[in-house]
Structures are given as structure tokens and as C-alpha cells.
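Colleague: This is input18.tsv (TSV, C-alpha atoms).
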```
chain	number	residue	atom	x	y	z
A	10	MET	CA	2.29	-25.50	-14.20
A	11	LYS	CA	3.81	-22.01	-14.15
A	12	PHE	CA	0.56	-20.57	-12.85
A	13	LEU	CA	0.35	-23.26	-10.16
A	14	GLY	CA	3.88	-22.46	-9.03
A	15	PHE	CA	3.07	-18.75	-9.05
A	16	LEU	CA	-0.07	-19.32	-6.97
A	17	THR	CA	1.73	-21.59	-4.48
A	18	SER	CA	4.52	-19.04	-4.02
A	19	ARG	CA	2.02	-16.23	-3.41
A	20	ILE	CA	0.04	-18.31	-0.90
A	21	ILE	CA	3.17	-19.15	1.11
A	22	LYS	CA	4.20	-15.50	1.17
A	23	ALA	CA	0.65	-14.54	2.18
A	24	LEU	CA	0.69	-16.94	5.13
A	25	ILE	CA	4.03	-15.53	6.29
A	26	VAL	CA	2.64	-11.98	6.08
A	27	VAL	CA	-0.46	-12.93	8.08
A	28	LEU	CA	1.70	-14.63	10.72
A	29	GLY	CA	3.87	-11.53	10.98
A	30	VAL	CA	0.83	-9.27	11.32
A	31	VAL	CA	-0.62	-11.47	14.07
A	32	ILE	CA	2.62	-11.47	16.08
A	33	ILE	CA	3.18	-7.72	15.72
A	34	ASN	CA	-0.43	-6.90	16.65
A	35	PHE	CA	-0.23	-9.25	19.64
A	36	PHE	CA	2.74	-7.36	21.12
A	37	LEU	CA	1.36	-3.92	20.23
A	38	ILE	CA	-1.92	-4.66	21.99
A	39	ARG	CA	-0.06	-5.94	25.06
A	40	LEU	CA	1.85	-2.64	25.16
A	41	ALA	CA	-1.40	-0.64	25.21
A	42	PRO	CA	-2.30	0.93	28.58
A	43	GLY	CA	-5.08	-0.59	30.65
A	44	ASP	CA	-5.82	-4.00	32.13
A	45	PRO	CA	-8.80	-5.84	30.58
A	46	ALA	CA	-9.33	-7.77	33.81
A	47	ALA	CA	-9.59	-4.52	35.77
A	48	VAL	CA	-11.99	-3.11	33.17
A	49	LEU	CA	-14.20	-6.20	33.37
A	50	ALA	CA	-14.13	-6.14	37.17
A	51	GLY	CA	-15.13	-2.49	37.13
A	52	GLN	CA	-18.04	-3.20	34.79
A	53	SER	CA	-19.30	-5.89	37.16
A	54	GLY	CA	-19.09	-3.49	40.10
A	55	ALA	CA	-16.23	-5.27	41.87
A	56	SER	CA	-12.85	-3.69	42.59
A	57	ASP	CA	-11.48	-6.41	44.84
A	58	PRO	CA	-7.82	-7.15	43.86
A	59	ALA	CA	-8.44	-10.84	44.47
A	60	TYR	CA	-11.31	-10.82	41.98
A	61	VAL	CA	-9.16	-8.98	39.43
A	62	GLU	CA	-6.41	-11.54	39.85
A	63	GLN	CA	-8.95	-14.33	39.45
A	64	LEU	CA	-10.06	-12.83	36.15
A	65	ARG	CA	-6.47	-12.48	34.99
A	66	GLU	CA	-5.89	-16.15	35.72
A	67	GLU	CA	-9.14	-17.16	34.03
A	68	PHE	CA	-8.25	-15.39	30.78
A	69	GLY	CA	-4.58	-16.37	30.86
A	70	LEU	CA	-3.32	-12.83	31.45
A	71	ASP	CA	-1.14	-13.92	34.39
A	72	LYS	CA	1.15	-15.99	32.16
A	73	PRO	CA	4.33	-14.65	30.48
A	74	VAL	CA	3.74	-12.83	27.23
A	75	LEU	CA	5.57	-15.39	25.11
A	76	VAL	CA	3.49	-18.18	26.63
A	77	GLN	CA	0.32	-16.22	25.84
A	78	LEU	CA	1.55	-15.79	22.26
A	79	GLY	CA	2.19	-19.51	21.90
A	80	VAL	CA	-1.25	-20.36	23.26
A	81	TYR	CA	-2.87	-17.86	20.92
A	82	LEU	CA	-1.01	-19.09	17.81
A	83	SER	CA	-1.86	-22.71	18.59
A	84	GLY	CA	-5.49	-21.70	18.86
A	85	VAL	CA	-5.37	-19.81	15.54
A	86	VAL	CA	-4.09	-22.94	13.79
A	87	GLN	CA	-7.20	-24.73	15.13
A	88	LEU	CA	-9.44	-21.80	14.07
A	89	ASP	CA	-9.93	-20.88	17.71
A	90	LEU	CA	-9.51	-17.10	18.02
A	91	GLY	CA	-10.25	-17.03	21.73
A	92	TYR	CA	-13.19	-15.89	23.81
A	93	SER	CA	-14.63	-12.38	24.09
A	94	TYR	CA	-15.09	-11.82	27.82
A	95	ARG	CA	-17.12	-8.66	27.15
A	96	ASN	CA	-19.61	-10.24	24.74
A	97	ASN	CA	-19.64	-13.69	26.36
A	98	MET	CA	-19.14	-15.62	23.13
A	99	PRO	CA	-16.30	-17.00	20.99
A	100	VAL	CA	-14.48	-14.39	18.93
A	101	LEU	CA	-14.86	-16.36	15.71
A	102	THR	CA	-18.63	-16.58	16.20
A	103	LEU	CA	-18.86	-12.86	16.89
A	104	ILE	CA	-16.84	-11.96	13.79
A	105	ALA	CA	-18.82	-14.40	11.65
A	106	GLN	CA	-22.00	-12.59	12.65
A	107	ARG	CA	-20.61	-9.20	11.63
A	108	ILE	CA	-18.51	-9.93	8.57
A	109	PRO	CA	-21.40	-10.35	6.06
A	110	ALA	CA	-22.48	-6.74	6.71
A	111	THR	CA	-18.93	-5.47	6.18
A	112	LEU	CA	-18.44	-7.50	2.99
A	113	LEU	CA	-21.75	-6.23	1.62
A	114	LEU	CA	-20.86	-2.60	2.31
A	115	MET	CA	-17.29	-3.04	1.11
A	116	PHE	CA	-18.11	-4.62	-2.25
A	117	CYS	CA	-20.97	-2.23	-2.98
A	118	ALA	CA	-18.70	0.75	-2.27
A	119	PHE	CA	-15.93	-0.86	-4.32
A	120	LEU	CA	-18.14	-1.44	-7.36
A	121	PHE	CA	-19.64	2.03	-7.08
A	122	SER	CA	-16.25	3.74	-6.90
A	123	LEU	CA	-14.56	1.57	-9.54
A	124	VAL	CA	-17.27	1.63	-12.21
A	125	LEU	CA	-18.18	5.30	-11.85
A	126	GLY	CA	-14.57	6.37	-11.38
A	127	VAL	CA	-13.32	4.59	-14.51
A	128	LEU	CA	-16.24	5.85	-16.60
A	129	LEU	CA	-15.73	9.45	-15.52
A	130	GLY	CA	-11.98	9.09	-16.02
A	131	VAL	CA	-12.52	7.90	-19.60
A	132	VAL	CA	-14.94	10.77	-20.24
A	133	ALA	CA	-12.47	13.32	-18.85
A	134	ALA	CA	-9.55	11.90	-20.83
A	135	ASN	CA	-11.52	11.90	-24.09
A	136	ALA	CA	-12.68	15.45	-23.50
A	137	ARG	CA	-9.14	16.57	-22.73
A	138	TYR	CA	-7.61	14.82	-25.73
A	139	SER	CA	-10.22	15.92	-28.27
A	140	ARG	CA	-9.91	19.57	-27.11
A	141	ARG	CA	-13.55	20.11	-28.00
A	142	ARG	CA	-15.15	19.72	-24.61
A	143	ARG	CA	-12.45	20.73	-22.18
A	144	TRP	CA	-15.12	22.25	-19.95
A	145	LEU	CA	-16.36	18.70	-19.29
A	146	ASP	CA	-12.88	17.60	-18.25
A	147	ASN	CA	-12.60	20.64	-15.96
A	148	ILE	CA	-15.93	19.87	-14.29
A	149	VAL	CA	-15.11	16.19	-13.73
A	150	MET	CA	-11.69	17.01	-12.28
A	151	ALA	CA	-13.04	19.79	-10.06
A	152	VAL	CA	-15.71	17.51	-8.57
A	153	SER	CA	-13.15	14.74	-8.11
A	154	LEU	CA	-10.72	17.00	-6.28
A	155	LEU	CA	-13.54	18.29	-4.08
A	156	LEU	CA	-14.58	14.76	-3.09
A	157	TYR	CA	-10.97	13.76	-2.53
A	158	ALA	CA	-10.37	16.71	-0.19
A	159	THR	CA	-13.63	16.38	1.77
A	160	PRO	CA	-13.31	14.58	5.13
A	161	LEU	CA	-15.22	11.31	5.15
A	162	PHE	CA	-16.97	11.91	8.46
A	163	TRP	CA	-18.19	15.35	7.34
A	164	LEU	CA	-19.53	13.93	4.08
A	165	ALA	CA	-21.32	11.17	6.00
A	166	LEU	CA	-22.93	13.60	8.45
A	167	MET	CA	-24.03	15.97	5.66
A	168	ALA	CA	-25.50	13.05	3.71
A	169	ILE	CA	-27.52	11.97	6.74
A	170	LEU	CA	-28.66	15.52	7.41
A	171	LEU	CA	-29.74	16.16	3.81
A	172	PHE	CA	-31.15	12.88	2.56
A	173	SER	CA	-32.45	11.43	5.83
A	174	VAL	CA	-33.37	14.34	8.11
A	175	VAL	CA	-34.35	17.13	5.68
A	176	LEU	CA	-35.63	15.27	2.63
A	177	GLY	CA	-36.55	11.97	4.29
A	178	TRP	CA	-35.63	9.97	1.20
A	179	LEU	CA	-33.27	7.45	2.75
A	180	PRO	CA	-32.74	5.88	6.20
A	181	GLY	CA	-29.68	7.24	7.94
A	182	PHE	CA	-28.73	4.54	10.43
A	183	GLY	CA	-28.57	0.77	10.77
A	184	MET	CA	-28.77	-2.03	8.23
A	185	GLU	CA	-32.52	-2.65	8.40
A	186	THR	CA	-35.67	-1.15	9.85
A	187	VAL	CA	-35.94	-2.37	13.44
A	188	GLY	CA	-39.22	-4.12	14.20
A	189	ALA	CA	-40.53	-3.89	10.63
A	190	GLY	CA	-40.58	-7.65	10.14
A	191	PHE	CA	-39.95	-7.49	6.40
A	192	THR	CA	-39.48	-10.74	4.49
A	193	GLY	CA	-38.57	-11.69	0.95
A	194	TRP	CA	-38.26	-8.90	-1.59
A	195	ALA	CA	-39.40	-6.25	0.89
A	196	TYR	CA	-36.52	-7.23	3.19
A	197	ILE	CA	-34.01	-6.93	0.33
A	198	GLN	CA	-35.37	-3.50	-0.60
A	199	ASP	CA	-35.12	-2.36	3.00
A	200	ILE	CA	-31.44	-3.37	3.24
A	201	ALA	CA	-30.75	-1.75	-0.16
A	202	LEU	CA	-32.20	1.56	1.04
A	203	HIS	CA	-30.09	1.47	4.20
A	204	LEU	CA	-27.06	0.65	2.05
A	205	VAL	CA	-27.23	3.69	-0.23
A	206	LEU	CA	-25.78	6.39	2.03
A	207	PRO	CA	-22.89	4.32	3.50
A	208	THR	CA	-21.98	3.01	0.04
A	209	VAL	CA	-21.88	6.43	-1.60
A	210	THR	CA	-20.06	8.02	1.33
A	211	LEU	CA	-17.37	5.33	1.51
A	212	GLY	CA	-17.05	5.12	-2.28
A	213	CYS	CA	-16.79	8.84	-3.11
A	214	PHE	CA	-13.20	9.23	-1.91
A	215	PHE	CA	-11.95	6.23	-3.88
A	216	MET	CA	-14.07	7.17	-6.89
A	217	ALA	CA	-12.24	10.51	-7.06
A	218	MET	CA	-8.90	8.70	-7.05
A	219	TYR	CA	-10.06	6.33	-9.81
A	220	VAL	CA	-11.11	9.31	-11.94
A	221	MET	CA	-7.73	11.00	-11.63
A	222	LEU	CA	-5.77	7.77	-12.07
A	223	THR	CA	-7.75	6.60	-15.11
A	224	ARG	CA	-7.58	10.01	-16.76
A	225	ALA	CA	-3.82	10.35	-16.28
A	226	SER	CA	-3.13	6.80	-17.42
A	227	MET	CA	-5.29	7.14	-20.54
A	228	LEU	CA	-3.70	10.45	-21.54
A	229	GLU	CA	-0.31	8.76	-21.28
A	230	VAL	CA	-1.27	5.68	-23.32
A	231	ILE	CA	-3.26	7.57	-25.96
A	232	ASN	CA	-0.08	9.30	-27.21
A	233	MET	CA	1.92	6.09	-27.65
A	234	ASP	CA	3.05	4.86	-31.05
A	235	PHE	CA	0.82	1.77	-31.25
A	236	VAL	CA	-2.26	3.95	-30.72
A	237	LYS	CA	-1.16	6.34	-33.44
A	238	THR	CA	-0.58	3.35	-35.75
A	239	ALA	CA	-4.07	2.00	-35.09
A	240	ARG	CA	-5.55	5.43	-35.78
A	241	ALA	CA	-3.56	5.70	-39.04
A	242	LYS	CA	-4.92	2.31	-40.14
A	243	GLY	CA	-8.44	3.67	-39.84
A	244	VAL	CA	-9.53	1.77	-36.74
A	245	ALA	CA	-12.74	3.19	-35.29
A	246	PRO	CA	-12.13	5.64	-32.38
A	247	ASN	CA	-14.34	3.68	-29.98
A	248	THR	CA	-12.43	0.49	-30.80
A	249	ILE	CA	-9.10	2.22	-30.18
A	250	ILE	CA	-10.28	3.46	-26.80
A	251	ARG	CA	-11.75	0.12	-25.77
A	252	ARG	CA	-9.16	-2.36	-27.07
A	253	HIS	CA	-5.92	-0.43	-27.11
A	254	VAL	CA	-6.02	2.54	-24.75
A	255	LEU	CA	-8.29	1.46	-21.91
A	256	ARG	CA	-6.90	-2.04	-21.56
A	257	ASN	CA	-3.34	-0.76	-21.12
A	258	ALA	CA	-4.44	2.16	-18.97
A	259	LEU	CA	-6.26	-0.16	-16.55
A	260	LEU	CA	-3.09	-1.74	-15.15
A	261	PRO	CA	-2.38	0.99	-12.56
A	262	VAL	CA	-6.11	1.12	-11.80
A	263	ILE	CA	-6.11	-2.60	-11.02
A	264	THR	CA	-3.09	-2.14	-8.76
A	265	PHE	CA	-4.88	0.58	-6.82
A	266	ALA	CA	-8.10	-1.45	-6.75
A	267	GLY	CA	-6.34	-4.27	-4.93
A	268	ILE	CA	-4.94	-1.82	-2.39
A	269	GLN	CA	-8.33	-0.14	-2.05
A	270	LEU	CA	-10.10	-3.38	-1.22
A	271	GLY	CA	-7.64	-3.93	1.57
A	272	GLN	CA	-8.21	-0.42	2.87
A	273	MET	CA	-11.96	-0.91	2.79
A	274	ALA	CA	-11.67	-4.21	4.64
A	275	GLY	CA	-9.95	-2.60	7.60
A	276	GLY	CA	-10.78	1.04	7.16
A	277	ALA	CA	-14.57	1.14	7.24
A	278	VAL	CA	-14.53	1.88	10.98
A	279	LEU	CA	-15.54	5.51	10.58
A	280	THR	CA	-18.30	4.83	8.06
A	281	GLU	CA	-19.76	1.96	10.07
A	282	THR	CA	-19.63	4.04	13.26
A	283	VAL	CA	-21.37	7.09	11.77
A	284	PHE	CA	-24.10	5.05	10.09
A	285	ALA	CA	-24.37	2.47	12.92
A	286	TRP	CA	-23.64	-0.23	10.37
A	287	PRO	CA	-23.25	-3.61	12.18
A	288	GLY	CA	-19.94	-4.67	10.62
A	289	ILE	CA	-16.50	-5.67	11.88
A	290	GLY	CA	-15.30	-2.06	11.67
A	291	ARG	CA	-17.82	-1.04	14.31
A	292	LEU	CA	-16.99	-4.22	16.22
A	293	MET	CA	-13.30	-3.30	16.24
A	294	PHE	CA	-14.09	0.20	17.53
A	295	ASP	CA	-16.21	-1.19	20.37
A	296	ALA	CA	-13.55	-3.78	21.24
A	297	LEU	CA	-10.93	-1.04	21.45
A	298	LEU	CA	-13.01	1.00	23.88
A	299	GLN	CA	-13.71	-2.09	25.98
A	300	ARG	CA	-10.08	-3.31	25.89
A	301	ASP	CA	-11.28	-6.65	24.59
A	302	TYR	CA	-7.86	-7.89	23.48
A	303	GLN	CA	-8.96	-11.24	22.13
A	304	LEU	CA	-11.64	-9.67	19.97
A	305	LEU	CA	-9.24	-7.01	18.68
A	306	LEU	CA	-6.70	-9.66	17.72
A	307	GLY	CA	-9.40	-11.67	15.96
A	308	VAL	CA	-10.57	-8.67	13.94
A	309	PHE	CA	-6.98	-7.79	13.01
A	310	LEU	CA	-6.35	-11.36	11.92
A	311	VAL	CA	-9.46	-11.52	9.74
A	312	THR	CA	-8.90	-8.12	8.14
A	313	SER	CA	-5.22	-8.86	7.43
A	314	PHE	CA	-6.22	-12.17	5.86
A	315	MET	CA	-8.75	-10.36	3.69
A	316	VAL	CA	-6.12	-7.83	2.58
A	317	VAL	CA	-3.72	-10.61	1.61
A	318	VAL	CA	-6.43	-12.47	-0.32
A	319	PHE	CA	-7.40	-9.31	-2.23
A	320	ASN	CA	-3.76	-8.67	-3.15
A	321	LEU	CA	-3.46	-12.25	-4.35
A	322	LEU	CA	-6.57	-11.83	-6.50
A	323	THR	CA	-5.07	-8.63	-7.91
A	324	ASP	CA	-1.97	-10.55	-9.04
A	325	VAL	CA	-4.19	-13.15	-10.73
A	326	VAL	CA	-6.31	-10.53	-12.49
A	327	TYR	CA	-3.12	-8.93	-13.83
A	328	ARG	CA	-2.47	-12.05	-15.90
A	329	PHE	CA	-5.84	-11.81	-17.60
A	330	VAL	CA	-5.71	-8.08	-18.26
A	331	ASP	CA	-2.19	-8.14	-19.69
A	332	PRO	CA	-0.98	-11.55	-20.99
A	333	ARG	CA	2.57	-10.15	-21.16
A	334	ILE	CA	2.74	-10.42	-17.39
A	335	ALA	CA	3.73	-14.07	-17.04
A	336	ALA	CA	4.17	-15.97	-13.82
A	337	GLY	CA	7.64	-17.32	-13.44
A	338	ALA	CA	9.11	-14.86	-15.91
A	339	GLN	CA	12.86	-14.97	-16.49
A	340	PRO	CA	15.07	-12.33	-14.90
A	341	GLY	CA	14.43	-9.04	-16.58
A	342	GLY	CA	10.75	-9.85	-17.09
A	343	VAL	CA	7.73	-8.82	-15.06
A	344	GLN	CA	6.80	-11.13	-12.21
```
Take the structure in the file and write it out as C-alpha cells.
Modeller:
Amino acid sequence: MKFLGFLTSRIIKALIVVLGVVIINFFLIRLAPGDPAAVLAGQSGASDPAYVEQLREEFGLDKPVLVQLGVYLSGVVQLDLGYSYRNNMPVLTLIAQRIPATLLLMFCAFLFSLVLGVLLGVVAANARYSRRRRWLDNIVMAVSLLLYATPLFWLALMAILLFSVVLGWLPGFGMETVGAGFTGWAYIQDIALHLVLPTVTLGCFFMAMYVMLTRASMLEVINMDFVKTARAKGVAPNTIIRRHVLRNALLPVITFAGIQLGQMAGGAVLTETVFAWPGIGRLMFDALLQRDYQLLLGVFLVTSFMVVVFNLLTDVVYRFVDPRIAAGAQPGGVQ
């Protein structure tokens, strides 16, 4: 019952956050310079003011802003995110076509950065604590700092230049080979090859942060009294690391992982643009250039919803990693 109350409270707060994000984004987009009706009229080769006004009336842009907001919110409740005048299709349909590619890239980059980052962080912390292989700790930290300081777009361009242009090992653009007609296992392999460079590029920055965070957290926990007690009792070193040190050191990592998933959901614009990956990040970039307000609002709504869901999942995972974190704890406890 406590968990159900905890989950209900988080869901209500999440809905309030999403509503706030939608309203704020709606007004911010309306404050942006440029008239979408004028842009659409210019693309169709007509500059007649009467035609522009007709377009404004057709898309509801002639109504007061508050009325437009009310119409939009009522549509959101009915899962109607509006119509993309530039792409000539409903916004929800357009996002539904692109979101699988973004989710695939996002989760592959997340797993790559999390698994490799935690493993290297454990290796660096062990090497630092044992004082026998400090050179290994220095190497891991130097590489991590280098990846953390390297601009993402530069890393993406260099990866394309090296592995696609010079060596020819991996495809550099798109999600699949155009016109190849692959099916079955060959189609899966083709997508996997196209996924390698975007995944590694997007994951390297976060992997570096996981390395530094895991290493620092483990070095802090490994000097605590309960670890020293377990070592004095003769518990095997690997067991101490796995059951006592790593489990407690993972709490800040999990916190950052939840934040990272949210950043990946809305921050893959650059990666998707460089690699021509057909996801919602690239869709958002195109909508911004085209002043497609309805599509921009739809992308913002979906990405904010994803961020809230990931944060909610992070809160739930906390309870399994550390049973001391109880939902509905009394004042003075962790909630």
C-alpha cells in the first residue's frame, strides 16, 4: 500500500510537471520571431497578404493566444497534438514514425555508457585503492577526462572520417542501407552496423562521467567502517566489492542515470543531425527551421513525458537497490 501511494503521488506530480512544460513551451514558441503562415506561403510561391491571412485562419493563428492554448490543451487530452502543415500529416503520426529510431539509439547509448563506465570506474577505484596498479587508474582517468572535454560534434565527425571514409569499416549516415532491400537477419545486421558510430559517439561523454562518478563513490564507500569490518571478518575481496561497496556506491550513479536518460531523450539532436539518424531529435531540428509550431510542441511534449517517466523509474529502482529508502518514510527519513 505504501508503494502504491508513493507511485500515485509521483504520477500526479509528473502530470503537473508535463502540463507546466507544455504551457511554458507554448508561450515561448509564440514569442519566437517569424510567422509560420508567412513561411508556408513563401514556400508555396505566394506572397499575397490575403493568402497569408487565409492560412492563419486555417491553422487557428488568428485567434487570441489564450484561446489557442485552450484549444491545444483540449486536443492533448484527446491525444490530438495538432497537424503539421509542413509535412501534411498529424503530429502524433509523424512522431510515432520517428520515435522508435530515437529510443533505439538512446537505449543503446545508455547501456554502452552505463555498463562500460561502471566497469572502468570499478577498475580505476580498485587500482587506486590497492596502490599496486596506479598507472591503470591514471590511464582510465586520463581517457575519461579527454572524452568528457571533447566536443560531441567533433568526435562524431572524426569517427565518420576515420571509420567510414578512411577505413570503410562502418556506415557513416542513416539508419539502414538505402535500396539494399535487406530482410530478416541481414536487415538487423545492417541496422546494427549503422548504429555503432552514433551509439559510441553519444555514449562516450556520459561514459566518462560514469567512470569518474563510480570511482569517486567507490573510494568513499570503501573506507567506511562496515567495509573494514567485513574485511576483518575474512570476507573475500570480490564479495566485499560486489555486495558491500558497489551496491552502496551505485546510488549516485543511478541518480545520474535517470537524469542522463532524460538528456538523451531530448538532447540527441546533434548526434542525429550529424549521422542523419531519422529520430525525433532530427525532426525537432527540422521543425525549428521550418517554424512548424505544432510539430515543435508535439516533440517537446513527448520528450518531456519521457523525461518524467525515466525519473519515475529511477525512483522505483532506488527502492530495489537500497531497501532503506522506503516510500512514505516518516519525517527525518529518506523519501
Colleague: Quick one: which stretch 192-298 of chain A residues come within 12 Å of stretch 77-101 of chain A, and what is the nearest atom pair for each with the distance in Å to one decimal, counting only C-alpha atoms, rows ordered by chain and ascending number, as a Markdown table?
Modeller:
```
| residue | atom | partner | partner_atom | distance |
| --- | --- | --- | --- | --- |
| A:Ile289 | CA | A:Val100 | CA | 11.4 |
| A:Leu292 | CA | A:Asn96 | CA | 10.8 |
| A:Met293 | CA | A:Val100 | CA | 11.5 |
| A:Asp295 | CA | A:Arg95 | CA | 10.1 |
| A:Ala296 | CA | A:Arg95 | CA | 8.5 |
| A:Leu297 | CA | A:Arg95 | CA | 11.4 |
| A:Leu298 | CA | A:Arg95 | CA | 11.0 |
```
Colleague: Which residues are close to stretch 255-263 of chain A, i.e. within 8 Å by all atoms listed in the file, leaving aside same-chain residues fewer than 2 positions away? Reply as a list in words.
Modeller: Tyr219, Leu222, Thr223, Ser226, Met227, Val230, Ile250, Arg251, Arg252, His253, Phe265, Ala266, Gly267, Thr323, Tyr327, Val330 and Asp331 of chain A
Colleague: Restricting the calculation to only C-alpha atoms: of A:Ala225, A:Ala59, A:Cys117, A:Ala136, which residue gets closest to A:Val205?
Modeller: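 When distances to A:Val205 are compared using only C-alpha atoms, the smallest one comes from A:Cys117.
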Colleague: Under the rule that all atoms listed in the file are counted, which of A:Met221, A:Glu62, A:His203, A:Arg240 is the nearest residue to A:Val132?
Modeller: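 Checking each candidate against A:Val132, we get A:Met221 as the closest.
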Colleague: Please measure the separation of atom CA of A:Leu28 and atom CA of A:Leu310, giving the value in Å to one decimal.
Modeller: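 Those two atoms sit 8.8 Å apart.
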Colleague: For A:Ile20, list every protein, DNA or RNA residue within 12 Å, evaluated using all atoms listed in the file, and leave out those in the same chain fewer than 3 positions away; present the list as a ChimeraX atom specification.
Modeller: /A:13-17,23-27,314,317-322,324-325
Colleague: Please list, as a PyMOL selection string, the residues that have an atom at most 10 Å away from (-28.4, -1.7, 11.5) in the coordinates of this file, counting only C-alpha atoms.
Modeller: chain A and resi 110+181-187+200+203-204+281+284-288
Colleague: Can you tell me how far atom CA of A:Val311 sits from atom CA of A:Thr208, in Å to one decimal?
Modeller: 21.5 Å
Colleague: Between A:Val74, A:Arg65, A:Ile231, A:Phe172, which residue has the minimum interatomic distance to A:Ile32, considering all atoms listed in the file?
Modeller: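 Among the listed residues, A:Val74 lies closest to A:Ile32.
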Colleague: Would you mind reading off the distance between atom CA of A:Arg224 and atom CA of A:Val149, one decimal, in Å?
Modeller: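 Separation between atom CA of A:Arg224 and atom CA of A:Val149: 10.2 Å.
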Colleague: Mind checking which residues fall within 12 Å of A:Thr312, counting only C-alpha atoms, ignoring those fewer than 4 positions away in the same chain, and posting them as a CSV table (one decimal) with C-alpha atoms, in the coordinates of the input?
Modeller:
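Heads up, here's the output in selection.csv:
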```csv
chain,number,residue,atom,x,y,z
A,27,VAL,CA,-0.5,-12.9,8.1
A,30,VAL,CA,0.8,-9.3,11.3
A,31,VAL,CA,-0.6,-11.5,14.1
A,104,ILE,CA,-16.8,-12.0,13.8
A,108,ILE,CA,-18.5,-9.9,8.6
A,111,THR,CA,-18.9,-5.5,6.2
A,112,LEU,CA,-18.4,-7.5,3.0
A,270,LEU,CA,-10.1,-3.4,-1.2
A,271,GLY,CA,-7.6,-3.9,1.6
A,272,GLN,CA,-8.2,-0.4,2.9
A,273,MET,CA,-12.0,-0.9,2.8
A,274,ALA,CA,-11.7,-4.2,4.6
A,275,GLY,CA,-10.0,-2.6,7.6
A,276,GLY,CA,-10.8,1.0,7.2
A,277,ALA,CA,-14.6,1.1,7.2
A,278,VAL,CA,-14.5,1.9,11.0
A,288,GLY,CA,-19.9,-4.7,10.6
A,289,ILE,CA,-16.5,-5.7,11.9
A,290,GLY,CA,-15.3,-2.1,11.7
A,293,MET,CA,-13.3,-3.3,16.2
A,305,LEU,CA,-9.2,-7.0,18.7
A,306,LEU,CA,-6.7,-9.7,17.7
A,307,GLY,CA,-9.4,-11.7,16.0
A,308,VAL,CA,-10.6,-8.7,13.9
A,316,VAL,CA,-6.1,-7.8,2.6
A,317,VAL,CA,-3.7,-10.6,1.6
A,318,VAL,CA,-6.4,-12.5,-0.3
A,319,PHE,CA,-7.4,-9.3,-2.2
```
Colleague: Taking into account all atoms listed in the file, which residue in the set A:Val220, A:Leu279, A:Val209, A:Leu202 is nearest to A:Val152?
Modeller: A:Val220
Colleague: Could you model N, CA and C atoms for stretch 93-106 of chain A and present them as a tab-separated table (two decimals), in the coordinates of the input?
Modeller:
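Saved file result_19.tsv follows:
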```
chain	number	residue	atom	x	y	z
A	93	SER	N	-14.38	-13.78	23.76
A	93	SER	CA	-14.63	-12.38	24.09
A	93	SER	C	-15.30	-12.32	25.46
A	94	TYR	N	-14.55	-11.88	26.46
A	94	TYR	CA	-15.09	-11.82	27.82
A	94	TYR	C	-16.17	-10.76	27.95
A	95	ARG	N	-16.14	-9.74	27.07
A	95	ARG	CA	-17.12	-8.66	27.15
A	95	ARG	C	-18.45	-9.06	26.52
A	96	ASN	N	-18.39	-9.84	25.45
A	96	ASN	CA	-19.61	-10.24	24.74
A	96	ASN	C	-20.08	-11.65	25.08
A	97	ASN	N	-19.29	-12.35	25.90
A	97	ASN	CA	-19.64	-13.69	26.36
A	97	ASN	C	-19.92	-14.66	25.21
A	98	MET	N	-19.03	-14.66	24.22
A	98	MET	CA	-19.14	-15.62	23.13
A	98	MET	C	-17.79	-15.74	22.43
A	99	PRO	N	-17.56	-16.85	21.71
A	99	PRO	CA	-16.30	-17.00	20.99
A	99	PRO	C	-16.07	-15.88	19.99
A	100	VAL	N	-14.82	-15.48	19.84
A	100	VAL	CA	-14.48	-14.39	18.93
A	100	VAL	C	-14.85	-14.74	17.50
A	101	LEU	N	-14.57	-15.96	17.08
A	101	LEU	CA	-14.86	-16.36	15.71
A	101	LEU	C	-16.35	-16.28	15.41
A	102	THR	N	-17.18	-16.68	16.38
A	102	THR	CA	-18.63	-16.58	16.20
A	102	THR	C	-19.08	-15.13	16.08
A	103	LEU	N	-18.50	-14.28	16.91
A	103	LEU	CA	-18.86	-12.86	16.89
A	103	LEU	C	-18.47	-12.21	15.57
A	104	ILE	N	-17.28	-12.52	15.07
A	104	ILE	CA	-16.84	-11.96	13.79
A	104	ILE	C	-17.67	-12.51	12.65
A	105	ALA	N	-18.00	-13.80	12.71
A	105	ALA	CA	-18.82	-14.40	11.65
A	105	ALA	C	-20.20	-13.76	11.55
A	106	GLN	N	-20.71	-13.27	12.67
A	106	GLN	CA	-22.00	-12.59	12.65
A	106	GLN	C	-21.92	-11.21	12.01
```
